[in-house]
>>> print(open('my_file.cif').read())   # mmCIF, C-alpha atoms
data_input
loop_
_atom_site.group_PDB
_atom_site.id
_atom_site.type_symbol
_atom_site.label_atom_id
_atom_site.label_comp_id
_atom_site.auth_asym_id
_atom_site.auth_seq_id
_atom_site.Cartn_x
_atom_site.Cartn_y
_atom_site.Cartn_z
ATOM 1 C CA MET A 1 88.758 183.630 138.811
ATOM 2 C CA PRO A 2 92.068 182.290 140.244
ATOM 3 C CA ARG A 3 90.832 178.762 139.661
ATOM 4 C CA GLU A 4 90.065 179.520 136.002
ATOM 5 C CA ASN A 5 93.520 181.111 135.527
ATOM 6 C CA HIS A 6 95.070 178.017 137.071
ATOM 7 C CA ARG A 7 93.210 175.779 134.571
ATOM 8 C CA ILE A 8 94.253 177.958 131.670
ATOM 9 C CA SER A 9 97.886 177.834 132.839
ATOM 10 C CA ILE A 10 97.793 174.054 133.120
ATOM 11 C CA THR A 11 96.133 173.695 129.705
ATOM 12 C CA LEU A 12 98.706 176.004 128.155
ATOM 13 C CA ALA A 13 101.608 174.127 129.812
ATOM 14 C CA VAL A 14 100.277 170.746 128.632
ATOM 15 C CA THR A 15 99.799 172.100 125.098
ATOM 16 C CA VAL A 16 103.343 173.496 124.965
ATOM 17 C CA LEU A 17 104.758 170.268 126.416
ATOM 18 C CA GLY A 18 102.802 168.163 123.891
ATOM 19 C CA ALA A 19 103.915 170.319 120.966
ATOM 20 C CA SER A 20 107.524 170.120 122.170
ATOM 21 C CA LEU A 21 107.301 166.337 122.404
ATOM 22 C CA VAL A 22 105.834 166.048 118.902
ATOM 23 C CA ALA A 23 108.579 168.345 117.515
ATOM 24 C CA TYR A 24 111.294 166.285 119.259
ATOM 25 C CA LEU A 25 109.891 162.989 117.945
ATOM 26 C CA TRP A 26 109.652 164.391 114.406
ATOM 27 C CA TYR A 27 113.213 165.735 114.577
ATOM 28 C CA SER A 28 114.470 162.394 115.915
ATOM 29 C CA ALA A 29 112.736 160.570 113.075
ATOM 30 C CA VAL A 30 114.392 162.657 110.345
ATOM 31 C CA GLN A 31 117.769 163.247 112.026
ATOM 32 C CA VAL A 32 120.593 161.022 110.775
ATOM 33 C CA ASN A 33 123.732 160.707 112.885
ATOM 34 C CA ASP A 34 127.175 159.193 112.315
ATOM 35 C CA PRO A 35 127.490 155.394 112.004
ATOM 36 C CA THR A 36 126.669 153.661 115.286
ATOM 37 C CA PRO A 37 128.469 150.848 117.133
ATOM 38 C CA GLN A 38 125.738 148.483 115.849
ATOM 39 C CA GLU A 39 126.617 149.430 112.273
ATOM 40 C CA TYR A 40 130.287 148.661 112.938
ATOM 41 C CA ALA A 41 129.220 145.291 114.387
ATOM 42 C CA VAL A 42 127.391 144.575 111.106
ATOM 43 C CA TYR A 43 130.488 145.590 109.110
ATOM 44 C CA ARG A 44 132.668 143.285 111.260
ATOM 45 C CA ALA A 45 130.354 140.369 110.465
ATOM 46 C CA LEU A 46 130.137 141.168 106.746
ATOM 47 C CA LEU A 47 133.732 141.996 105.774
ATOM 48 C CA PRO A 48 135.221 138.528 106.441
ATOM 49 C CA HIS A 49 132.319 137.060 104.462
ATOM 50 C CA ILE A 50 133.236 139.240 101.452
ATOM 51 C CA ALA A 51 136.886 138.165 101.692
ATOM 52 C CA GLU A 52 136.029 134.481 102.160
ATOM 53 C CA GLY A 53 138.285 132.241 100.095
ATOM 54 C CA SER A 54 140.805 134.992 99.459
ATOM 55 C CA LYS A 55 144.187 135.424 101.093
ATOM 56 C CA LYS A 56 143.973 139.186 100.663
ATOM 57 C CA ARG A 57 143.299 141.519 103.564
ATOM 58 C CA ILE A 58 140.133 143.591 103.586
ATOM 59 C CA VAL A 59 140.358 147.381 103.339
ATOM 60 C CA ALA A 60 137.311 149.651 103.532
ATOM 61 C CA GLN A 61 136.951 153.096 101.971
ATOM 62 C CA LYS A 62 137.102 155.999 104.456
ATOM 63 C CA ARG A 63 133.642 157.128 103.353
ATOM 64 C CA THR A 64 130.427 155.234 102.868
ATOM 65 C CA SER A 65 128.773 155.242 99.477
ATOM 66 C CA ALA A 66 125.801 157.513 98.830
ATOM 67 C CA LEU A 67 122.757 156.768 96.729
ATOM 68 C CA SER A 68 122.543 158.611 93.436
ATOM 69 C CA LEU A 69 120.060 158.873 90.616
ATOM 70 C CA PRO A 70 120.474 156.411 87.746
ATOM 71 C CA ALA A 71 121.943 157.720 84.496
ATOM 72 C CA TYR A 72 119.337 157.031 81.853
ATOM 73 C CA ASP A 73 120.514 156.153 78.375
ATOM 74 C CA SER A 74 118.491 157.435 75.451
ATOM 75 C CA THR A 75 118.715 154.140 73.533
ATOM 76 C CA PRO A 76 116.324 152.504 74.066
ATOM 77 C CA PRO A 77 114.543 155.422 75.690
ATOM 78 C CA THR A 78 113.290 154.924 79.235
ATOM 79 C CA PRO A 79 109.713 156.181 79.532
ATOM 80 C CA VAL A 80 109.437 159.241 81.741
ATOM 81 C CA GLU A 81 106.918 157.436 83.977
ATOM 82 C CA LEU A 82 109.527 154.795 84.845
ATOM 83 C CA ARG A 83 112.388 157.172 85.604
ATOM 84 C CA ILE A 84 113.423 157.856 89.176
ATOM 85 C CA THR A 85 113.848 161.614 89.420
ATOM 86 C CA ASN A 86 114.217 161.877 93.187
ATOM 87 C CA VAL A 87 116.429 159.556 95.268
ATOM 88 C CA GLU A 88 113.780 159.513 98.001
ATOM 89 C CA ASP A 89 111.418 157.861 95.484
ATOM 90 C CA ALA A 90 113.719 154.863 95.043
ATOM 91 C CA SER A 91 112.402 151.658 96.525
ATOM 92 C CA PHE A 92 114.249 148.613 97.756
ATOM 93 C CA PRO A 93 111.687 145.796 97.507
ATOM 94 C CA ASP A 94 114.179 143.067 98.474
ATOM 95 C CA PHE A 95 115.079 144.996 101.631
ATOM 96 C CA GLU A 96 111.388 145.605 102.403
ATOM 97 C CA ASP A 97 110.606 141.902 101.952
ATOM 98 C CA TYR A 98 113.447 140.971 104.293
ATOM 99 C CA CYS A 99 112.812 143.392 107.125
ATOM 100 C CA GLY A 100 110.202 146.023 106.292
ATOM 101 C CA ARG A 101 111.202 149.331 107.890
ATOM 102 C CA CYS A 102 114.931 148.772 107.324
ATOM 103 C CA ALA A 103 114.460 149.789 103.670
ATOM 104 C CA LYS A 104 113.350 153.273 104.779
ATOM 105 C CA ASP A 105 116.140 153.431 107.377
ATOM 106 C CA PHE A 106 118.645 152.428 104.669
ATOM 107 C CA LEU A 107 117.371 155.094 102.264
ATOM 108 C CA LYS A 108 117.378 157.843 104.908
ATOM 109 C CA LYS A 109 120.960 157.102 106.012
ATOM 110 C CA ASN A 110 122.392 156.779 102.499
ATOM 111 C CA LEU A 111 121.322 160.084 100.971
ATOM 112 C CA LYS A 112 124.877 161.308 101.597
ATOM 113 C CA ALA A 113 128.326 159.796 102.170
ATOM 114 C CA TRP A 114 129.549 159.479 105.771
ATOM 115 C CA PRO A 115 133.063 159.254 107.233
ATOM 116 C CA LEU A 116 134.027 155.712 108.136
ATOM 117 C CA PRO A 117 137.096 155.747 110.394
ATOM 118 C CA PRO A 118 139.153 152.576 110.765
ATOM 119 C CA THR A 119 138.478 150.181 113.621
ATOM 120 C CA LEU A 120 140.630 147.440 115.058
ATOM 121 C CA ASP A 121 138.997 144.909 112.721
ATOM 122 C CA TYR A 122 139.782 146.442 109.345
ATOM 123 C CA SER A 123 141.842 149.155 107.687
ATOM 124 C CA SER A 124 140.401 152.273 106.118
ATOM 125 C CA VAL A 125 141.898 154.194 103.201
ATOM 126 C CA PRO A 126 140.853 157.154 101.067
ATOM 127 C CA ARG A 127 139.665 156.497 97.509
ATOM 128 C CA GLY A 128 142.696 155.809 95.318
ATOM 129 C CA GLY A 129 144.944 155.298 98.365
ATOM 130 C CA LEU A 130 145.420 151.545 97.965
ATOM 131 C CA ARG A 131 148.606 150.309 96.318
ATOM 132 C CA GLY A 132 149.519 146.792 95.326
ATOM 133 C CA ASP A 133 147.290 143.774 94.995
ATOM 134 C CA ASP A 134 147.405 142.311 98.506
ATOM 135 C CA SER A 135 144.072 143.845 99.555
ATOM 136 C CA ILE A 136 140.394 143.806 98.672
ATOM 137 C CA LEU A 137 139.031 147.355 98.600
ATOM 138 C CA VAL A 138 135.427 147.475 99.797
ATOM 139 C CA THR A 139 133.024 150.398 99.688
ATOM 140 C CA LEU A 140 130.160 150.077 102.160
ATOM 141 C CA SER A 141 126.810 151.783 102.497
ATOM 142 C CA ARG A 142 125.280 152.750 105.806
ATOM 143 C CA VAL A 143 123.356 149.923 107.457
ATOM 144 C CA GLY A 144 119.560 149.890 107.463
ATOM 145 C CA PHE A 145 117.978 148.308 110.552
ATOM 146 C CA ASN A 146 114.487 147.149 111.367
ATOM 147 C CA ALA A 147 112.789 148.774 114.378
ATOM 148 C CA TRP A 148 114.133 146.174 116.837
ATOM 149 C CA HIS A 149 117.662 146.065 115.410
ATOM 150 C CA THR A 150 117.359 142.330 114.845
ATOM 151 C CA ARG A 151 117.742 142.494 111.051
ATOM 152 C CA ALA A 152 120.051 144.609 108.933
ATOM 153 C CA VAL A 153 120.736 145.316 105.272
ATOM 154 C CA VAL A 154 123.796 146.844 103.638
ATOM 155 C CA MET A 155 125.079 147.356 100.090
ATOM 156 C CA PHE A 156 128.725 147.005 99.139
ATOM 157 C CA SER A 157 131.136 146.985 96.249
ATOM 158 C CA ALA A 158 134.362 144.994 96.367
ATOM 159 C CA ASP A 159 137.274 145.311 93.978
ATOM 160 C CA CYS A 160 138.079 141.709 93.052
ATOM 161 C CA SER A 161 140.674 142.628 90.407
ATOM 162 C CA ASP A 162 143.899 140.657 90.165
ATOM 163 C CA ALA A 163 146.939 142.619 89.026
ATOM 164 C CA ALA A 164 149.019 139.440 88.575
ATOM 165 C CA SER A 165 146.692 138.135 85.864
ATOM 166 C CA SER A 166 145.616 141.610 84.647
ATOM 167 C CA THR A 167 142.003 140.729 85.455
ATOM 168 C CA MET A 168 139.645 143.587 86.285
ATOM 169 C CA CYS A 169 136.475 142.861 88.201
ATOM 170 C CA LEU A 170 134.062 144.484 90.616
ATOM 171 C CA GLU A 171 131.499 142.776 92.813
ATOM 172 C CA LEU A 172 128.335 144.731 93.617
ATOM 173 C CA GLY A 173 126.090 143.246 96.248
ATOM 174 C CA GLN A 174 123.573 143.416 99.023
ATOM 175 C CA ALA A 175 123.925 141.680 102.357
ATOM 176 C CA TYR A 176 121.150 140.538 104.677
ATOM 177 C CA LEU A 177 122.075 139.956 108.309
ATOM 178 C CA LYS A 178 120.248 138.940 111.457
ATOM 179 C CA ARG A 179 121.232 139.356 115.069
ATOM 180 C CA LYS A 180 121.436 136.279 117.234
ATOM 181 C CA ASP A 181 122.066 137.102 120.880
ATOM 182 C CA ASP A 182 124.705 139.848 120.615
ATOM 183 C CA ALA A 183 126.307 138.725 117.340
ATOM 184 C CA TRP A 184 125.415 139.608 113.755
ATOM 185 C CA ILE A 185 125.215 136.692 111.314
ATOM 186 C CA VAL A 186 125.236 136.994 107.522
ATOM 187 C CA GLU A 187 122.096 135.235 106.335
ATOM 188 C CA ARG A 188 122.701 135.781 102.636
ATOM 189 C CA VAL A 189 124.635 137.902 100.202
ATOM 190 C CA SER A 190 123.426 138.514 96.686
ATOM 191 C CA GLY A 191 125.399 140.290 94.046
ATOM 192 C CA ASN A 192 126.917 140.414 90.624
ATOM 193 C CA VAL A 193 130.500 140.362 89.444
ATOM 194 C CA PHE A 194 131.413 142.600 86.519
#
>>> encode(input="my_file.cif", output="structure tokens")
Amino acid sequence: MPRENHRISITLAVTVLGASLVAYLWYSAVQVNDPTPQEYAVYRALLPHIAEGSKKRIVAQKRTSALSLPAYDSTPPTPVELRITNVEDASFPDFEDYCGRCAKDFLKKNLKAWPLPPTLDYSSVPRGGLRGDDSILVTLSRVGFNAWHTRAVVMFSADCSDAASSTMCLELGQAYLKRKDDAWIVERVSGNVF
């Protein structure tokens, strides 16, 4: 009888330990934390690339952007089947083609806006806090990484307006980066200027 109780105790302990491990792994998979040092390394590689060719200094918003549902116009009507009604249903095929899992990591991290404090490499200001035309105001998304943190994707918007010539413009883009040794390198940036 003591031997059977011992087996039952061990079986129960292993079951509880296994269930605890599964719960921890699930929680870790869905838990999203503040931006990491790796994300800041990606931002440091990307921001000079955005400002390339400009004499203006780069200034990032104090909060990351968050994904939102598209606003559908009724003319021409968008069929209900093609409408995205849940942000989690959005797909990022270009991100998936570039690095697979990073598209899901990007989506998970960008369901809400996150604080983005300034670092030594760039300034950070609240929305509407920039005065004058000596800066490029950039809004960044959180960075999506592949499982090995060797590839990264990020979305951005950069205010490319010029007050001197009364020109208004906004660049919306996606950046694709890869890590070589300990440095992040911008492989390509695609975007549109409006």
>>> closest_residue(input="my_file.cif", among="A:Thr139, A:Ala41, A:Val32, A:Ser91", to="Arg179 of chain A", atoms="all atoms listed in the file")
A:Ala41
>>> residues_around(input="my_file.cif", residues="segment 98-104 of chain A", least_positions_apart="6", cutoff="7 Å", atoms="all atoms listed in the file", output="list of chain:residue names")
A:Phe92, A:Gly144, A:Phe145, A:Asn146, A:Ala147, A:Arg151, A:Ala152
>>> residues_around(input="my_file.cif", residues="segment 161-175 of chain A", least_positions_apart="3", cutoff="10 Å", atoms="only C-alpha atoms", output="ChimeraX atom specification")
/A:42,46,49-50,94-95,132-141,143,152-158,186-194
>>> write_last_selection(input="my_file.cif", atoms="C-alpha atoms", output="tab-separated table (two decimals), keeping the file's coordinate frame")
chain	number	residue	atom	x	y	z
A	42	VAL	CA	127.39	144.57	111.11
A	46	LEU	CA	130.14	141.17	106.75
A	49	HIS	CA	132.32	137.06	104.46
A	50	ILE	CA	133.24	139.24	101.45
A	94	ASP	CA	114.18	143.07	98.47
A	95	PHE	CA	115.08	145.00	101.63
A	132	GLY	CA	149.52	146.79	95.33
A	133	ASP	CA	147.29	143.77	95.00
A	134	ASP	CA	147.40	142.31	98.51
A	135	SER	CA	144.07	143.84	99.56
A	136	ILE	CA	140.39	143.81	98.67
A	137	LEU	CA	139.03	147.35	98.60
A	138	VAL	CA	135.43	147.48	99.80
A	139	THR	CA	133.02	150.40	99.69
A	140	LEU	CA	130.16	150.08	102.16
A	141	SER	CA	126.81	151.78	102.50
A	143	VAL	CA	123.36	149.92	107.46
A	152	ALA	CA	120.05	144.61	108.93
A	153	VAL	CA	120.74	145.32	105.27
A	154	VAL	CA	123.80	146.84	103.64
A	155	MET	CA	125.08	147.36	100.09
A	156	PHE	CA	128.72	147.00	99.14
A	157	SER	CA	131.14	146.99	96.25
A	158	ALA	CA	134.36	144.99	96.37
A	186	VAL	CA	125.24	136.99	107.52
A	187	GLU	CA	122.10	135.24	106.34
A	188	ARG	CA	122.70	135.78	102.64
A	189	VAL	CA	124.64	137.90	100.20
A	190	SER	CA	123.43	138.51	96.69
A	191	GLY	CA	125.40	140.29	94.05
A	192	ASN	CA	126.92	140.41	90.62
A	193	VAL	CA	130.50	140.36	89.44
A	194	PHE	CA	131.41	142.60	86.52
>>> closest_residue(input="my_file.cif", among="A:Gly53, A:Pro117, A:Pro77, A:Gly18", to="Pro35 of chain A", atoms="all atoms listed in the file")
A:Pro117
>>> atom_distance(input="my_file.cif", atom1="atom CA of Arg142 of chain A", atom2="atom CA of Gln61 of chain A")
12.3 Å
>>> residues_near_point(input="my_file.cif", point="(122.6, 160.0, 102.0)", cutoff="9 Å", atoms="all atoms listed in the file", output="number ranges by chain")
A: 65-68, 106-114, 142
>>> atom_distance(input="my_file.cif", atom1="atom CA of Pro37 of chain A", atom2="atom CA of Pro115 of chain A")
13.8 Å
>>> closest_residue(input="my_file.cif", among="A:Ser9, A:Asp182, A:Tyr176, A:Thr15", to="Glu96 of chain A", atoms="only C-alpha atoms")
A:Tyr176
>>> atom_distance(input="my_file.cif", atom1="atom CA of Pro48 of chain A", atom2="atom CA of Cys160 of chain A")
14.1 Å
>>> axis_aligned_box(input="my_file.cif", around="segment 180-194 of chain A", padding_each_side="6 Å", output="AutoDock Vina command-line options")
--center_x 126.4 --center_y 138.9 --center_z 103.7 --size_x 22.0 --size_y 19.4 --size_z 46.4
>>> residues_around(input="my_file.cif", residues="Ala183 of chain A", least_positions_apart="5", cutoff="10 Å", atoms="all atoms listed in the file", output="VMD selection string")
chain A and resid 38 41 to 42 44 to 45 150 178
>>> closest_residue(input="my_file.cif", among="A:Ala60, A:Asn33, A:Tyr43, A:Leu17", to="Pro118 of chain A", atoms="only C-alpha atoms")
A:Ala60
>>> residues_near_point(input="my_file.cif", point="(142.0, 141.9, 105.7)", cutoff="7 Å", atoms="all atoms listed in the file", output="ChimeraX atom specification")
/A:56-59,122,135
